[in-house]
Amino acid sequence: MNDIELRILVGMHRNINRIDKQTSKIASEHGLTFSQFAVLEALYSKGDMSVGEIREHILSSMGTIPVIINNLVKMKYVQRCSDMHDRRICRMSLTNEGKKIIQEIVPKNKAMIKKYLGVLTEEEKSTLLFLMKKVGGKINEETNTK
């Protein structure tokens, strides 16, 4: 790896860390941790999921998800339900209280991200998205689904 690749990698990490810190701040203003926000946001945007699906969606380690979910259940933001097709699988869903809190936080988080990326023109944002997909190997998936 030469200097440019390393600088790109460090730059990506720094930007993600800055955004995550701001998301953590927004979540904490509502009594949530970053991880709790991530679980609620996943359920809000994707619908009911199993614990494994949540873990995969938020890219968390397997050991921390049960603790996060247990705390969210205690806070009455999520509930456990049996899967209709396989009773061995526990599905998580938002409660009304969970929907209410995440609906308050998501717009604030989106506004923060929009402001953060506001230094880019729409064309630069499109180019950045294209390049991130290309680096991530998503270009072929994207063009095959259109």
# chains A, B, ... in the order shown; residues from 1 in each chain; ligands from 1
>>> residues_around(residues="A:Ile65", least_positions_apart="2", cutoff="12 Å", atoms="only C-alpha atoms", output="list in words")
Ser35, Gln36, Ala38, Val39, Leu40, Ser50, Val51, Gly52, Glu53, Ile54, Arg55, Glu56, His57, Ile58, Leu59, Ser60, Ser61, Met62, Gly63, Val67, Ile68, Ile69, Asn70, Asn71, Leu72 and Met92 of chain A
>>> select_by_dssp(residues="chain A", states="helix (DSSP H, G or I)", output="PyMOL selection string")
chain A and resi 3-28+34-46+51-58+65-74+96-119+122-135+139-144
>>> decode(residues="stretch 100-141 of chain A", atoms="N, CA and C atoms", output="PDB file, in the first residue's frame")
ATOM      1  N   LYS A 100     -41.854   6.137  18.479  1.00  0.00           N
ATOM      2  CA  LYS A 100     -41.920   7.560  18.803  1.00  0.00           C
ATOM      3  C   LYS A 100     -40.519   8.145  18.996  1.00  0.00           C
ATOM      4  N   ILE A 101     -39.667   7.465  19.748  1.00  0.00           N
ATOM      5  CA  ILE A 101     -38.323   8.000  20.029  1.00  0.00           C
ATOM      6  C   ILE A 101     -37.467   8.017  18.766  1.00  0.00           C
ATOM      7  N   ILE A 102     -37.549   6.960  17.971  1.00  0.00           N
ATOM      8  CA  ILE A 102     -36.698   6.926  16.776  1.00  0.00           C
ATOM      9  C   ILE A 102     -37.189   7.931  15.731  1.00  0.00           C
ATOM     10  N   GLN A 103     -38.485   8.180  15.689  1.00  0.00           N
ATOM     11  CA  GLN A 103     -39.010   9.187  14.770  1.00  0.00           C
ATOM     12  C   GLN A 103     -38.576  10.599  15.171  1.00  0.00           C
ATOM     13  N   GLU A 104     -38.239  10.799  16.431  1.00  0.00           N
ATOM     14  CA  GLU A 104     -37.695  12.077  16.883  1.00  0.00           C
ATOM     15  C   GLU A 104     -36.219  12.220  16.505  1.00  0.00           C
ATOM     16  N   ILE A 105     -35.495  11.110  16.582  1.00  0.00           N
ATOM     17  CA  ILE A 105     -34.041  11.154  16.410  1.00  0.00           C
ATOM     18  C   ILE A 105     -33.613  11.115  14.947  1.00  0.00           C
ATOM     19  N   VAL A 106     -34.242  10.292  14.140  1.00  0.00           N
ATOM     20  CA  VAL A 106     -33.815  10.103  12.744  1.00  0.00           C
ATOM     21  C   VAL A 106     -33.738  11.418  11.968  1.00  0.00           C
ATOM     22  N   PRO A 107     -34.747  12.281  12.043  1.00  0.00           N
ATOM     23  CA  PRO A 107     -34.624  13.545  11.292  1.00  0.00           C
ATOM     24  C   PRO A 107     -33.438  14.403  11.747  1.00  0.00           C
ATOM     25  N   LYS A 108     -33.160  14.400  13.035  1.00  0.00           N
ATOM     26  CA  LYS A 108     -32.014  15.157  13.548  1.00  0.00           C
ATOM     27  C   LYS A 108     -30.705  14.568  13.021  1.00  0.00           C
ATOM     28  N   ASN A 109     -30.625  13.245  12.993  1.00  0.00           N
ATOM     29  CA  ASN A 109     -29.407  12.586  12.519  1.00  0.00           C
ATOM     30  C   ASN A 109     -29.228  12.809  11.018  1.00  0.00           C
ATOM     31  N   LYS A 110     -30.321  12.716  10.270  1.00  0.00           N
ATOM     32  CA  LYS A 110     -30.251  12.968   8.823  1.00  0.00           C
ATOM     33  C   LYS A 110     -29.812  14.400   8.542  1.00  0.00           C
ATOM     34  N   ALA A 111     -30.340  15.352   9.311  1.00  0.00           N
ATOM     35  CA  ALA A 111     -29.966  16.758   9.130  1.00  0.00           C
ATOM     36  C   ALA A 111     -28.484  16.962   9.422  1.00  0.00           C
ATOM     37  N   MET A 112     -27.981  16.284  10.453  1.00  0.00           N
ATOM     38  CA  MET A 112     -26.559  16.391  10.795  1.00  0.00           C
ATOM     39  C   MET A 112     -25.705  15.846   9.656  1.00  0.00           C
ATOM     40  N   ILE A 113     -26.076  14.706   9.112  1.00  0.00           N
ATOM     41  CA  ILE A 113     -25.310  14.104   8.017  1.00  0.00           C
ATOM     42  C   ILE A 113     -25.371  14.997   6.778  1.00  0.00           C
ATOM     43  N   LYS A 114     -26.551  15.517   6.496  1.00  0.00           N
ATOM     44  CA  LYS A 114     -26.707  16.414   5.345  1.00  0.00           C
ATOM     45  C   LYS A 114     -25.820  17.648   5.503  1.00  0.00           C
ATOM     46  N   LYS A 115     -25.776  18.205   6.694  1.00  0.00           N
ATOM     47  CA  LYS A 115     -24.924  19.372   6.961  1.00  0.00           C
ATOM     48  C   LYS A 115     -23.450  18.991   6.817  1.00  0.00           C
ATOM     49  N   TYR A 116     -23.080  17.833   7.358  1.00  0.00           N
ATOM     50  CA  TYR A 116     -21.695  17.371   7.291  1.00  0.00           C
ATOM     51  C   TYR A 116     -21.240  17.226   5.842  1.00  0.00           C
ATOM     52  N   LEU A 117     -22.094  16.671   5.011  1.00  0.00           N
ATOM     53  CA  LEU A 117     -21.765  16.462   3.604  1.00  0.00           C
ATOM     54  C   LEU A 117     -22.094  17.674   2.737  1.00  0.00           C
ATOM     55  N   GLY A 118     -22.571  18.745   3.364  1.00  0.00           N
ATOM     56  CA  GLY A 118     -22.938  19.960   2.655  1.00  0.00           C
ATOM     57  C   GLY A 118     -21.783  20.665   1.976  1.00  0.00           C
ATOM     58  N   VAL A 119     -20.553  20.283   2.310  1.00  0.00           N
ATOM     59  CA  VAL A 119     -19.381  20.887   1.658  1.00  0.00           C
ATOM     60  C   VAL A 119     -19.227  20.358   0.232  1.00  0.00           C
ATOM     61  N   LEU A 120     -19.970  19.293  -0.088  1.00  0.00           N
ATOM     62  CA  LEU A 120     -19.884  18.700  -1.422  1.00  0.00           C
ATOM     63  C   LEU A 120     -21.042  19.174  -2.288  1.00  0.00           C
ATOM     64  N   THR A 121     -20.787  19.323  -3.578  1.00  0.00           N
ATOM     65  CA  THR A 121     -21.865  19.601  -4.527  1.00  0.00           C
ATOM     66  C   THR A 121     -22.633  18.296  -4.749  1.00  0.00           C
ATOM     67  N   GLU A 122     -23.808  18.402  -5.369  1.00  0.00           N
ATOM     68  CA  GLU A 122     -24.588  17.193  -5.667  1.00  0.00           C
ATOM     69  C   GLU A 122     -23.801  16.266  -6.588  1.00  0.00           C
ATOM     70  N   GLU A 123     -23.083  16.827  -7.532  1.00  0.00           N
ATOM     71  CA  GLU A 123     -22.261  16.018  -8.429  1.00  0.00           C
ATOM     72  C   GLU A 123     -21.151  15.301  -7.658  1.00  0.00           C
ATOM     73  N   GLU A 124     -20.517  15.997  -6.731  1.00  0.00           N
ATOM     74  CA  GLU A 124     -19.455  15.375  -5.923  1.00  0.00           C
ATOM     75  C   GLU A 124     -20.024  14.265  -5.048  1.00  0.00           C
ATOM     76  N   LYS A 125     -21.220  14.469  -4.508  1.00  0.00           N
ATOM     77  CA  LYS A 125     -21.860  13.423  -3.695  1.00  0.00           C
ATOM     78  C   LYS A 125     -22.128  12.183  -4.550  1.00  0.00           C
ATOM     79  N   SER A 126     -22.641  12.396  -5.758  1.00  0.00           N
ATOM     80  CA  SER A 126     -22.902  11.266  -6.665  1.00  0.00           C
ATOM     81  C   SER A 126     -21.611  10.539  -7.019  1.00  0.00           C
ATOM     82  N   THR A 127     -20.555  11.299  -7.263  1.00  0.00           N
ATOM     83  CA  THR A 127     -19.260  10.703  -7.587  1.00  0.00           C
ATOM     84  C   THR A 127     -18.723   9.924  -6.396  1.00  0.00           C
ATOM     85  N   LEU A 128     -18.821  10.499  -5.211  1.00  0.00           N
ATOM     86  CA  LEU A 128     -18.351   9.817  -4.001  1.00  0.00           C
ATOM     87  C   LEU A 128     -19.119   8.518  -3.792  1.00  0.00           C
ATOM     88  N   LEU A 129     -20.433   8.565  -3.945  1.00  0.00           N
ATOM     89  CA  LEU A 129     -21.246   7.356  -3.793  1.00  0.00           C
ATOM     90  C   LEU A 129     -20.842   6.302  -4.819  1.00  0.00           C
ATOM     91  N   PHE A 130     -20.666   6.711  -6.058  1.00  0.00           N
ATOM     92  CA  PHE A 130     -20.228   5.793  -7.108  1.00  0.00           C
ATOM     93  C   PHE A 130     -18.886   5.157  -6.747  1.00  0.00           C
ATOM     94  N   LEU A 131     -17.944   5.978  -6.299  1.00  0.00           N
ATOM     95  CA  LEU A 131     -16.613   5.466  -5.959  1.00  0.00           C
ATOM     96  C   LEU A 131     -16.659   4.523  -4.751  1.00  0.00           C
ATOM     97  N   MET A 132     -17.478   4.851  -3.758  1.00  0.00           N
ATOM     98  CA  MET A 132     -17.589   3.973  -2.588  1.00  0.00           C
ATOM     99  C   MET A 132     -18.181   2.623  -2.978  1.00  0.00           C
ATOM    100  N   LYS A 133     -19.180   2.647  -3.860  1.00  0.00           N
ATOM    101  CA  LYS A 133     -19.756   1.385  -4.341  1.00  0.00           C
ATOM    102  C   LYS A 133     -18.736   0.605  -5.152  1.00  0.00           C
ATOM    103  N   LYS A 134     -17.966   1.309  -5.955  1.00  0.00           N
ATOM    104  CA  LYS A 134     -16.950   0.648  -6.770  1.00  0.00           C
ATOM    105  C   LYS A 134     -15.909  -0.009  -5.885  1.00  0.00           C
ATOM    106  N   VAL A 135     -15.430   0.708  -4.909  1.00  0.00           N
ATOM    107  CA  VAL A 135     -14.436   0.157  -3.984  1.00  0.00           C
ATOM    108  C   VAL A 135     -15.027  -1.021  -3.210  1.00  0.00           C
ATOM    109  N   GLY A 136     -16.310  -0.901  -2.846  1.00  0.00           N
ATOM    110  CA  GLY A 136     -16.972  -1.961  -2.090  1.00  0.00           C
ATOM    111  C   GLY A 136     -17.466  -3.112  -2.935  1.00  0.00           C
ATOM    112  N   GLY A 137     -17.241  -3.065  -4.232  1.00  0.00           N
ATOM    113  CA  GLY A 137     -17.670  -4.157  -5.104  1.00  0.00           C
ATOM    114  C   GLY A 137     -19.152  -4.161  -5.383  1.00  0.00           C
ATOM    115  N   LYS A 138     -19.833  -3.050  -5.167  1.00  0.00           N
ATOM    116  CA  LYS A 138     -21.283  -2.989  -5.331  1.00  0.00           C
ATOM    117  C   LYS A 138     -21.713  -2.531  -6.719  1.00  0.00           C
ATOM    118  N   ILE A 139     -20.789  -2.095  -7.549  1.00  0.00           N
ATOM    119  CA  ILE A 139     -21.152  -1.558  -8.868  1.00  0.00           C
ATOM    120  C   ILE A 139     -21.923  -2.590  -9.688  1.00  0.00           C
ATOM    121  N   ASN A 140     -21.431  -3.819  -9.766  1.00  0.00           N
ATOM    122  CA  ASN A 140     -22.093  -4.828 -10.575  1.00  0.00           C
ATOM    123  C   ASN A 140     -23.471  -5.154 -10.035  1.00  0.00           C
ATOM    124  N   GLU A 141     -23.627  -5.209  -8.701  1.00  0.00           N
ATOM    125  CA  GLU A 141     -24.946  -5.463  -8.109  1.00  0.00           C
ATOM    126  C   GLU A 141     -25.919  -4.359  -8.488  1.00  0.00           C
TER     127      GLU A 141
END
